[in-house]
Amino acid sequence: MAADRENLTLHNLGNGGAIELFETELERVLENILDLNTDAKAKRKIVLTVTFTPNSDRNEVATDVDCASKLAPMNAASATVFVGRDRHTQIPRAVTHDPRQMEMFDDPRRPKPMREPEDEAATA
């Protein structure tokens, strides 16, 4: 019967659930710290909330344990895109490579230029 008289501690709160919830959030925080897509110096936070709801006689108290973490947000992904109109259809387009840059190698994955390069023989 000694277990019936065990004082309330963080370890036995919610039948050990408080510790389990904390450890789950701690793992999320550590993963977030190790994620190279987040700010290394951003602060992370774990909040353990225990709510006590006593009955009207004040001899029994219902407890609820909640644990939440505040993580660092993902870093923004920045890139430059080039915009213009398709030479033939005049439909606006955006591409990831500068269409004014001449091709050095034939790469089938690279988007086709928005305009055809001028014929070198015509300009010579």
# chains A, B, ... in the order shown; residues from 1 in each chain; ligands from 1
>>> residues_around(residues="range 43-60 of chain A", least_positions_apart="2", cutoff="12 Å", atoms="only C-alpha atoms", output="VMD selection string")
chain A and resid 9 to 10 13 to 14 17 to 34 38 to 41 62 to 73
>>> write_last_selection(atoms="C-alpha atoms", output="PDB file, in the first residue's frame")
ATOM      1  CA  THR A   9       6.348  14.014  -8.492  1.00  0.00           C
ATOM      2  CA  LEU A  10       7.201  14.786 -12.079  1.00  0.00           C
ATOM      3  CA  LEU A  13       2.655  12.538 -12.851  1.00  0.00           C
ATOM      4  CA  GLY A  14       0.239  11.038 -15.376  1.00  0.00           C
ATOM      5  CA  GLY A  17       3.293  10.342 -19.067  1.00  0.00           C
ATOM      6  CA  ALA A  18       4.773  13.760 -18.270  1.00  0.00           C
ATOM      7  CA  ILE A  19       8.317  12.427 -18.674  1.00  0.00           C
ATOM      8  CA  GLU A  20       7.367  10.577 -21.861  1.00  0.00           C
ATOM      9  CA  LEU A  21       5.782  13.703 -23.362  1.00  0.00           C
ATOM     10  CA  PHE A  22       8.848  15.761 -22.457  1.00  0.00           C
ATOM     11  CA  GLU A  23      11.236  13.227 -23.996  1.00  0.00           C
ATOM     12  CA  THR A  24       9.201  13.170 -27.215  1.00  0.00           C
ATOM     13  CA  GLU A  25       9.382  16.960 -27.519  1.00  0.00           C
ATOM     14  CA  LEU A  26      13.077  16.918 -26.564  1.00  0.00           C
ATOM     15  CA  GLU A  27      13.766  14.609 -29.501  1.00  0.00           C
ATOM     16  CA  ARG A  28      11.916  17.012 -31.835  1.00  0.00           C
ATOM     17  CA  VAL A  29      13.965  19.941 -30.509  1.00  0.00           C
ATOM     18  CA  LEU A  30      17.257  18.085 -30.968  1.00  0.00           C
ATOM     19  CA  GLU A  31      16.298  17.079 -34.529  1.00  0.00           C
ATOM     20  CA  ASN A  32      15.447  20.713 -35.246  1.00  0.00           C
ATOM     21  CA  ILE A  33      18.808  21.869 -33.868  1.00  0.00           C
ATOM     22  CA  LEU A  34      20.653  19.390 -36.096  1.00  0.00           C
ATOM     23  CA  THR A  38      17.198  26.016 -39.667  1.00  0.00           C
ATOM     24  CA  ASP A  39      18.991  28.907 -37.982  1.00  0.00           C
ATOM     25  CA  ALA A  40      21.657  27.365 -35.756  1.00  0.00           C
ATOM     26  CA  LYS A  41      21.406  30.100 -33.123  1.00  0.00           C
ATOM     27  CA  ALA A  62      -7.863  15.751 -11.935  1.00  0.00           C
ATOM     28  CA  THR A  63      -4.591  16.471 -13.690  1.00  0.00           C
ATOM     29  CA  ASP A  64      -3.881  17.004 -17.365  1.00  0.00           C
ATOM     30  CA  VAL A  65      -0.350  17.153 -18.718  1.00  0.00           C
ATOM     31  CA  ASP A  66       0.460  18.790 -22.019  1.00  0.00           C
ATOM     32  CA  CYS A  67       3.864  19.289 -23.568  1.00  0.00           C
ATOM     33  CA  ALA A  68       4.668  21.365 -26.621  1.00  0.00           C
ATOM     34  CA  SER A  69       7.806  22.629 -28.286  1.00  0.00           C
ATOM     35  CA  LYS A  70       8.563  25.786 -30.209  1.00  0.00           C
ATOM     36  CA  LEU A  71      11.033  24.981 -32.956  1.00  0.00           C
ATOM     37  CA  ALA A  72      13.128  27.160 -35.229  1.00  0.00           C
ATOM     38  CA  PRO A  73      11.432  27.667 -38.600  1.00  0.00           C
TER      39      PRO A  73
END
>>> select_by_dssp(residues="range 23-88 of chain A", states="strand (DSSP E)", output="list of chain:residue names")
A:Lys45, A:Ile46, A:Val47, A:Leu48, A:Thr49, A:Val50, A:Thr51, A:Phe52, A:Thr53, A:Pro54, A:Val61, A:Ala62, A:Thr63, A:Asp64, A:Val65, A:Asp66, A:Cys67, A:Ala68, A:Ser69, A:Lys70, A:Phe82, A:Val83, A:Gly84, A:Arg85
>>> residues_around(residues="Gly84 in chain A", least_positions_apart="3", cutoff="10 Å", atoms="only C-alpha atoms", output="JSON, numbers by chain")
{"A": [87, 90, 91, 92, 93, 94, 95, 99, 114, 115]}
>>> residues_around(residues="Asp98 in chain A", least_positions_apart="4", cutoff="9 Å", atoms="only C-alpha atoms", output="list in words")
Val81, Phe82, Val83, Met102 and Pro113 of chain A
>>> select_by_dssp(residues="range 13-124 of chain A", states="alpha helix (DSSP H)", output="list of chain:residue names")
A:Gly17, A:Ala18, A:Ile19, A:Glu20, A:Leu21, A:Phe22, A:Glu23, A:Thr24, A:Glu25, A:Leu26, A:Glu27, A:Arg28, A:Val29, A:Leu30, A:Glu31, A:Asn32, A:Ile33, A:Leu34, A:Glu120, A:Ala121, A:Ala122, A:Thr123
>>> atom_distance(atom1="CA of His97 in chain A", atom2="CA of Ser78 in chain A")
14.3 Å
>>> atom_distance(atom1="CA of Asn75 in chain A", atom2="CA of Asp35 in chain A")
10.1 Å
>>> atom_distance(atom1="CA of Asn37 in chain A", atom2="CA of Met74 in chain A")
5.5 Å
>>> closest_residue(among="A:Val61, A:Leu36, A:Arg100, A:Asn15", to="Ala76 in chain A", atoms="only C-alpha atoms")
A:Leu36
